[in-house]
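Engineer: To start, I am sharing the structure in question, which I have written as C-alpha cells.
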Amino acid sequence: MEEVLNVSAYLFTPIDDRETLRTTLLERAQAADLRGTVLLAPEGINLFLAGDAAGLRGWLDALRQDPRFAALEAKESWSPTQPFRKMLVKLKSEIIRMDHPTIRPHEGRAPSVDARTLKRWLDQGHDDRGREVVLLDTRNAFEVDYGTFTGAIDWRIEKFTEFPAAVAAHRDDLAGRTVVSFCTGGIRCEKAALHMQELGLDDVLQLEGGILKYFEEVGGEHFTGDCFVFDEREALTPTLAVWGQETRREPRQSVSASSSSGPRRS
C-alpha cells in the first residue's frame with residue numbers, strides 16, 4: 001500500500017522576503033511532519049515534499065493563501081515509504097540555475113502545450129498546422145539515460161547552465177520546426193523555451209508540467225523508459241510507480257540524439 005504523498009511544484013513569482021518566508025515555511029512543514037526541500041529565490045519557489053496526504057495538502061493550501069503563490073500547481077505521486085531524510089528550506093539565487101539573467105519567467109511565461117495535445121500531435125505526426133514537431137530534452141545526460149520521449153533531441157548536457165551554449169550551437173537545426181522543450185516537472189523547459197525565443201526561434205513551446213504531468217494525464221505513450229527524480233525513489237515509471245519496486249532495472253543508454261543534435265558528449 002502506497003501511503004506517502006509526494007508532490008513537486010514550482011512557480012516563477014517575485015519574492016523579496018525570503019528570510020522571513022523561509023522561517024515560516026519551515027515551521028509549518030515541521031509541524032506537519034513533512035520532509036523534502038523548498039528552494040526560494042528572487043525569481044520564485046521550487047519544492048519537492050513528501051508526507052501524510054492531509055498534512056501536505058494543508059501545507060500547500062496555506063502557502064496558496066499568499067497571493068504570490070495562489071497559482072501554484074502541484075504534481076502528485078505516491079510511495080510506500082518517505083523518500084526524503086530531512087526537511088530543508090534553502091535560499092538560492094535561482095530556483096533552477098541557468099546563469100542567464102535576461103530570462104525572467106515571472107514577467108511572462110513561454111507558450112505551452114498540454115500533455116493531451118502533445119500526445120495527439122505525436123499520434124498524428126505533426127501539430128495542428130501540419131508542421132513537424134521536434135521534442136527537445138532539456139535535462140542532464142544521466143537523467144535522459146533513464147528514459148525520454150522517442151526521437152527526442154538530446155545534446156548530452158551535464159548541467160543546465162550548459163543549455164544556452166548548446167542551443168546556440170544548434171539553433172539552425174531547430175528553425176522552421178515546432179519545438180517542444182520538456183523536462184521533469186516543467187521548470188527547466190520553461191526557462192529553455194524563453195531563452196530560445198530570445199534567440200529568435202518563434203515556434204517554441206514548453207510541455208506544461210513536464211514529463212510527470214504527461215505521465216499523470218496520458219501515461220507513457222511515445223515515452224521510452226522511466227523518469228529520473230531527485231529523491232530516494234530514484235525514478236518513476238509512466239504509471240507514477242516507484243522505479244524498480246518490483247524488478248530492478250538498469251538505466252537505458254540514451255539513443256535519442258538525432259543527427260540534427262550534433263555529436264554527443266560523454
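Chains: A, B, ... in order of the C-alpha cells. Residues: from 1 per chain. Ligands: from 1, in order shown.
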Using only C-alpha atoms, which residues sit within 8 Å of Thr148 in chain A once same-chain residues fewer than 5 positions away are excluded, as a list in words?

Structural biologist: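 That gives Asp137, Phe223, Thr224, Gly225, Asp226, Cys227 and Ser256 of chain A.
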
Engineer: Generate a file of the selected residues that holds all heavy atoms, formatted as a PDB file, in the first residue's frame.

Structural biologist:
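out29.pdb was written with the following content:
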ATOM      1  N   ASP A 137      14.863  17.564 -25.219  1.00  0.00           N
ATOM      2  CA  ASP A 137      15.067  17.217 -23.817  1.00  0.00           C
ATOM      3  C   ASP A 137      16.064  18.202 -23.207  1.00  0.00           C
ATOM      4  O   ASP A 137      17.213  18.290 -23.649  1.00  0.00           O
ATOM      5  CB  ASP A 137      15.604  15.782 -23.708  1.00  0.00           C
ATOM      6  CG  ASP A 137      15.364  15.172 -22.337  1.00  0.00           C
ATOM      7  OD1 ASP A 137      15.417  15.912 -21.345  1.00  0.00           O
ATOM      8  OD2 ASP A 137      15.124  13.948 -22.267  1.00  0.00           O
ATOM      9  N   PHE A 223       6.846   7.553 -24.926  1.00  0.00           N
ATOM     10  CA  PHE A 223       7.953   7.711 -23.992  1.00  0.00           C
ATOM     11  C   PHE A 223       8.588   6.347 -23.771  1.00  0.00           C
ATOM     12  O   PHE A 223       7.893   5.355 -23.553  1.00  0.00           O
ATOM     13  CB  PHE A 223       7.466   8.268 -22.650  1.00  0.00           C
ATOM     14  CG  PHE A 223       8.562   8.786 -21.750  1.00  0.00           C
ATOM     15  CD1 PHE A 223       8.897  10.129 -21.750  1.00  0.00           C
ATOM     16  CD2 PHE A 223       9.262   7.931 -20.909  1.00  0.00           C
ATOM     17  CE1 PHE A 223       9.901  10.620 -20.925  1.00  0.00           C
ATOM     18  CE2 PHE A 223      10.274   8.399 -20.092  1.00  0.00           C
ATOM     19  CZ  PHE A 223      10.598   9.752 -20.090  1.00  0.00           C
ATOM     20  N   THR A 224       9.923   6.297 -23.824  1.00  0.00           N
ATOM     21  CA  THR A 224      10.653   5.050 -23.617  1.00  0.00           C
ATOM     22  C   THR A 224      11.429   5.130 -22.313  1.00  0.00           C
ATOM     23  O   THR A 224      12.227   6.055 -22.107  1.00  0.00           O
ATOM     24  CB  THR A 224      11.639   4.792 -24.770  1.00  0.00           C
ATOM     25  OG1 THR A 224      10.920   4.731 -26.000  1.00  0.00           O
ATOM     26  CG2 THR A 224      12.391   3.489 -24.554  1.00  0.00           C
ATOM     27  N   GLY A 225      11.208   4.184 -21.403  1.00  0.00           N
ATOM     28  CA  GLY A 225      11.930   4.151 -20.144  1.00  0.00           C
ATOM     29  C   GLY A 225      11.144   4.790 -19.016  1.00  0.00           C
ATOM     30  O   GLY A 225       9.905   4.781 -19.005  1.00  0.00           O
ATOM     31  N   ASP A 226      11.865   5.373 -18.059  1.00  0.00           N
ATOM     32  CA  ASP A 226      11.277   5.937 -16.854  1.00  0.00           C
ATOM     33  C   ASP A 226      11.799   7.356 -16.642  1.00  0.00           C
ATOM     34  O   ASP A 226      12.648   7.837 -17.396  1.00  0.00           O
ATOM     35  CB  ASP A 226      11.622   5.064 -15.651  1.00  0.00           C
ATOM     36  CG  ASP A 226      11.254   3.599 -15.885  1.00  0.00           C
ATOM     37  OD1 ASP A 226      10.058   3.320 -16.030  1.00  0.00           O
ATOM     38  OD2 ASP A 226      12.174   2.752 -15.948  1.00  0.00           O
ATOM     39  N   CYS A 227      11.305   8.026 -15.627  1.00  0.00           N
ATOM     40  CA  CYS A 227      11.681   9.418 -15.378  1.00  0.00           C
ATOM     41  C   CYS A 227      12.470   9.532 -14.079  1.00  0.00           C
ATOM     42  O   CYS A 227      11.945   9.237 -13.003  1.00  0.00           O
ATOM     43  CB  CYS A 227      10.439  10.301 -15.315  1.00  0.00           C
ATOM     44  SG  CYS A 227      10.806  12.059 -15.056  1.00  0.00           S
ATOM     45  N   SER A 256      18.626   8.863 -28.121  1.00  0.00           N
ATOM     46  CA  SER A 256      17.700   9.868 -28.639  1.00  0.00           C
ATOM     47  C   SER A 256      18.369  11.001 -29.368  1.00  0.00           C
ATOM     48  O   SER A 256      17.695  11.807 -29.990  1.00  0.00           O
ATOM     49  CB  SER A 256      16.871  10.437 -27.492  1.00  0.00           C
ATOM     50  OG  SER A 256      17.710  11.030 -26.534  1.00  0.00           O
TER      51      SER A 256
END

Engineer: Can you tell me, as a PyMOL selection string, what residues are no more than 6 Å from range 30-47 of chain A when counting only C-alpha atoms, ignoring any on the same chain fewer than 3 positions away?

Structural biologist: chain A and resi 8-15+27+50-51+55+84+86-95

Engineer: If you run DSSP over the backbone, which residues in range 34-137 of chain A end up strand (DSSP E)? Put them as a VMD selection string.

Structural biologist: chain A and resid 35 to 41 44 to 51 74 to 79 87 to 91 112 to 113 133 to 137

Engineer: Quick one: residues within 12 Å of Ser77 in chain A, only C-alpha atoms, excluding same-chain residues fewer than 6 positions away - as a PyMOL selection string?

Structural biologist: chain A and resi 2-9+48-51+53+83+212-213+215-216+229+233+235-242

Engineer: So that I can see what lies close to Val113 in chain A, please list as an MDAnalysis selection string the residues with an atom at most 12 Å from it, counting only C-alpha atoms and leaving out residues fewer than 2 positions away in the same chain.

Structural biologist: chainID A and resid 110:111 115:121 127:128 133 135 178:182 186 189:190 193 203:210 213:214

Engineer: Going by DSSP on the backbone, which bits of range 39-144 of chain A are helix (DSSP H, G or I)? Write them as a PDB file with N, CA and C atoms, in the first residue's frame, please.

Structural biologist:
ATOM      1  N   ALA A  53      -0.881  12.763   3.458  1.00  0.00           N
ATOM      2  CA  ALA A  53      -1.611  13.484   2.420  1.00  0.00           C
ATOM      3  C   ALA A  53      -2.332  14.714   2.970  1.00  0.00           C
ATOM      4  N   ALA A  54      -3.032  14.555   4.092  1.00  0.00           N
ATOM      5  CA  ALA A  54      -3.782  15.679   4.640  1.00  0.00           C
ATOM      6  C   ALA A  54      -2.838  16.799   5.073  1.00  0.00           C
ATOM      7  N   GLY A  55      -1.742  16.437   5.734  1.00  0.00           N
ATOM      8  CA  GLY A  55      -0.803  17.443   6.190  1.00  0.00           C
ATOM      9  C   GLY A  55      -0.126  18.168   5.048  1.00  0.00           C
ATOM     10  N   LEU A  56       0.251  17.432   4.013  1.00  0.00           N
ATOM     11  CA  LEU A  56       0.940  18.035   2.885  1.00  0.00           C
ATOM     12  C   LEU A  56       0.007  18.930   2.079  1.00  0.00           C
ATOM     13  N   ARG A  57      -1.205  18.457   1.824  1.00  0.00           N
ATOM     14  CA  ARG A  57      -2.156  19.289   1.087  1.00  0.00           C
ATOM     15  C   ARG A  57      -2.545  20.520   1.885  1.00  0.00           C
ATOM     16  N   GLY A  58      -2.610  20.373   3.217  1.00  0.00           N
ATOM     17  CA  GLY A  58      -2.890  21.521   4.068  1.00  0.00           C
ATOM     18  C   GLY A  58      -1.766  22.545   4.007  1.00  0.00           C
ATOM     19  N   TRP A  59      -0.519  22.073   3.963  1.00  0.00           N
ATOM     20  CA  TRP A  59       0.636  22.967   3.851  1.00  0.00           C
ATOM     21  C   TRP A  59       0.578  23.747   2.543  1.00  0.00           C
ATOM     22  N   LEU A  60       0.222  23.063   1.449  1.00  0.00           N
ATOM     23  CA  LEU A  60       0.097  23.735   0.158  1.00  0.00           C
ATOM     24  C   LEU A  60      -1.044  24.740   0.158  1.00  0.00           C
ATOM     25  N   ASP A  61      -2.155  24.378   0.771  1.00  0.00           N
ATOM     26  CA  ASP A  61      -3.295  25.304   0.847  1.00  0.00           C
ATOM     27  C   ASP A  61      -2.911  26.575   1.596  1.00  0.00           C
ATOM     28  N   ALA A  62      -2.158  26.411   2.687  1.00  0.00           N
ATOM     29  CA  ALA A  62      -1.716  27.579   3.447  1.00  0.00           C
ATOM     30  C   ALA A  62      -0.774  28.440   2.621  1.00  0.00           C
ATOM     31  N   LEU A  63       0.114  27.810   1.864  1.00  0.00           N
ATOM     32  CA  LEU A  63       1.027  28.557   1.004  1.00  0.00           C
ATOM     33  C   LEU A  63       0.258  29.370  -0.030  1.00  0.00           C
ATOM     34  N   ARG A  64      -0.786  28.781  -0.593  1.00  0.00           N
ATOM     35  CA  ARG A  64      -1.559  29.459  -1.639  1.00  0.00           C
ATOM     36  C   ARG A  64      -2.394  30.615  -1.094  1.00  0.00           C
ATOM     37  N   PRO A  67      -1.027  35.626  -1.922  1.00  0.00           N
ATOM     38  CA  PRO A  67      -1.376  35.889  -3.329  1.00  0.00           C
ATOM     39  C   PRO A  67      -0.253  35.579  -4.311  1.00  0.00           C
ATOM     40  N   ARG A  68       0.980  35.669  -3.867  1.00  0.00           N
ATOM     41  CA  ARG A  68       2.094  35.391  -4.770  1.00  0.00           C
ATOM     42  C   ARG A  68       2.126  33.935  -5.209  1.00  0.00           C
ATOM     43  N   PHE A  69       1.558  33.046  -4.390  1.00  0.00           N
ATOM     44  CA  PHE A  69       1.625  31.614  -4.673  1.00  0.00           C
ATOM     45  C   PHE A  69       0.264  31.001  -4.971  1.00  0.00           C
ATOM     46  N   PRO A 105      11.036  34.546 -16.155  1.00  0.00           N
ATOM     47  CA  PRO A 105       9.727  33.931 -16.396  1.00  0.00           C
ATOM     48  C   PRO A 105       8.578  34.621 -15.683  1.00  0.00           C
ATOM     49  N   HIS A 106       8.826  35.263 -14.535  1.00  0.00           N
ATOM     50  CA  HIS A 106       7.729  35.912 -13.818  1.00  0.00           C
ATOM     51  C   HIS A 106       7.196  37.121 -14.581  1.00  0.00           C
ATOM     52  N   GLU A 107       7.942  37.592 -15.583  1.00  0.00           N
ATOM     53  CA  GLU A 107       7.480  38.728 -16.378  1.00  0.00           C
ATOM     54  C   GLU A 107       6.655  38.286 -17.585  1.00  0.00           C
ATOM     55  N   ALA A 115      -0.345  18.073 -22.104  1.00  0.00           N
ATOM     56  CA  ALA A 115       0.035  16.689 -22.387  1.00  0.00           C
ATOM     57  C   ALA A 115      -0.870  16.032 -23.424  1.00  0.00           C
ATOM     58  N   ARG A 116      -2.171  16.225 -23.302  1.00  0.00           N
ATOM     59  CA  ARG A 116      -3.090  15.556 -24.225  1.00  0.00           C
ATOM     60  C   ARG A 116      -2.919  16.059 -25.657  1.00  0.00           C
ATOM     61  N   THR A 117      -2.676  17.367 -25.800  1.00  0.00           N
ATOM     62  CA  THR A 117      -2.462  17.905 -27.141  1.00  0.00           C
ATOM     63  C   THR A 117      -1.157  17.387 -27.726  1.00  0.00           C
ATOM     64  N   LEU A 118      -0.105  17.342 -26.901  1.00  0.00           N
ATOM     65  CA  LEU A 118       1.160  16.827 -27.403  1.00  0.00           C
ATOM     66  C   LEU A 118       1.023  15.372 -27.843  1.00  0.00           C
ATOM     67  N   LYS A 119       0.337  14.570 -27.054  1.00  0.00           N
ATOM     68  CA  LYS A 119       0.148  13.172 -27.453  1.00  0.00           C
ATOM     69  C   LYS A 119      -0.580  13.092 -28.797  1.00  0.00           C
ATOM     70  N   ARG A 120      -1.609  13.925 -28.976  1.00  0.00           N
ATOM     71  CA  ARG A 120      -2.341  13.909 -30.249  1.00  0.00           C
ATOM     72  C   ARG A 120      -1.429  14.294 -31.406  1.00  0.00           C
ATOM     73  N   TRP A 121      -0.594  15.296 -31.192  1.00  0.00           N
ATOM     74  CA  TRP A 121       0.354  15.691 -32.235  1.00  0.00           C
ATOM     75  C   TRP A 121       1.302  14.544 -32.576  1.00  0.00           C
ATOM     76  N   LEU A 122       1.791  13.867 -31.537  1.00  0.00           N
ATOM     77  CA  LEU A 122       2.715  12.767 -31.771  1.00  0.00           C
ATOM     78  C   LEU A 122       2.013  11.595 -32.452  1.00  0.00           C
ATOM     79  N   ASP A 123       0.746  11.367 -32.100  1.00  0.00           N
ATOM     80  CA  ASP A 123      -0.035  10.308 -32.751  1.00  0.00           C
ATOM     81  C   ASP A 123      -0.172  10.574 -34.253  1.00  0.00           C
ATOM     82  N   GLN A 124      -0.457  11.846 -34.587  1.00  0.00           N
ATOM     83  CA  GLN A 124      -0.726  12.176 -35.992  1.00  0.00           C
ATOM     84  C   GLN A 124       0.532  12.557 -36.770  1.00  0.00           C
ATOM     85  N   ALA A 141      22.336  14.692 -19.043  1.00  0.00           N
ATOM     86  CA  ALA A 141      22.505  13.435 -19.774  1.00  0.00           C
ATOM     87  C   ALA A 141      22.155  12.210 -18.936  1.00  0.00           C
ATOM     88  N   PHE A 142      22.565  12.188 -17.668  1.00  0.00           N
ATOM     89  CA  PHE A 142      22.297  10.997 -16.853  1.00  0.00           C
ATOM     90  C   PHE A 142      20.810  10.813 -16.618  1.00  0.00           C
ATOM     91  N   GLU A 143      20.039  11.905 -16.579  1.00  0.00           N
ATOM     92  CA  GLU A 143      18.588  11.796 -16.441  1.00  0.00           C
ATOM     93  C   GLU A 143      17.971  11.220 -17.708  1.00  0.00           C
ATOM     94  N   VAL A 144      18.445  11.695 -18.847  1.00  0.00           N
ATOM     95  CA  VAL A 144      17.935  11.219 -20.125  1.00  0.00           C
ATOM     96  C   VAL A 144      18.149   9.717 -20.263  1.00  0.00           C
TER      97      VAL A 144
END

Engineer: What is the CA of Glu132 in chain A to CA of Arg177 in chain A distance in Å?

Structural biologist: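 According to the coordinates, CA of Glu132 in chain A and CA of Arg177 in chain A are separated by 5.6 Å.
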
Engineer: Using CA of Arg139 in chain A and CA of Glu234 in chain A as the two end points, give the distance in Å to one decimal.

Structural biologist: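 Going from CA of Arg139 in chain A over to CA of Glu234 in chain A, I get 15.0 Å.
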
Engineer: For a quick check of understanding, using only C-alpha atoms, which of A:Thr138, A:His222, A:Asp99, A:Ala29 has the smallest distance to Thr150 in chain A?

Structural biologist: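 Checking each candidate against Thr150 in chain A, we get A:His222 as the closest.
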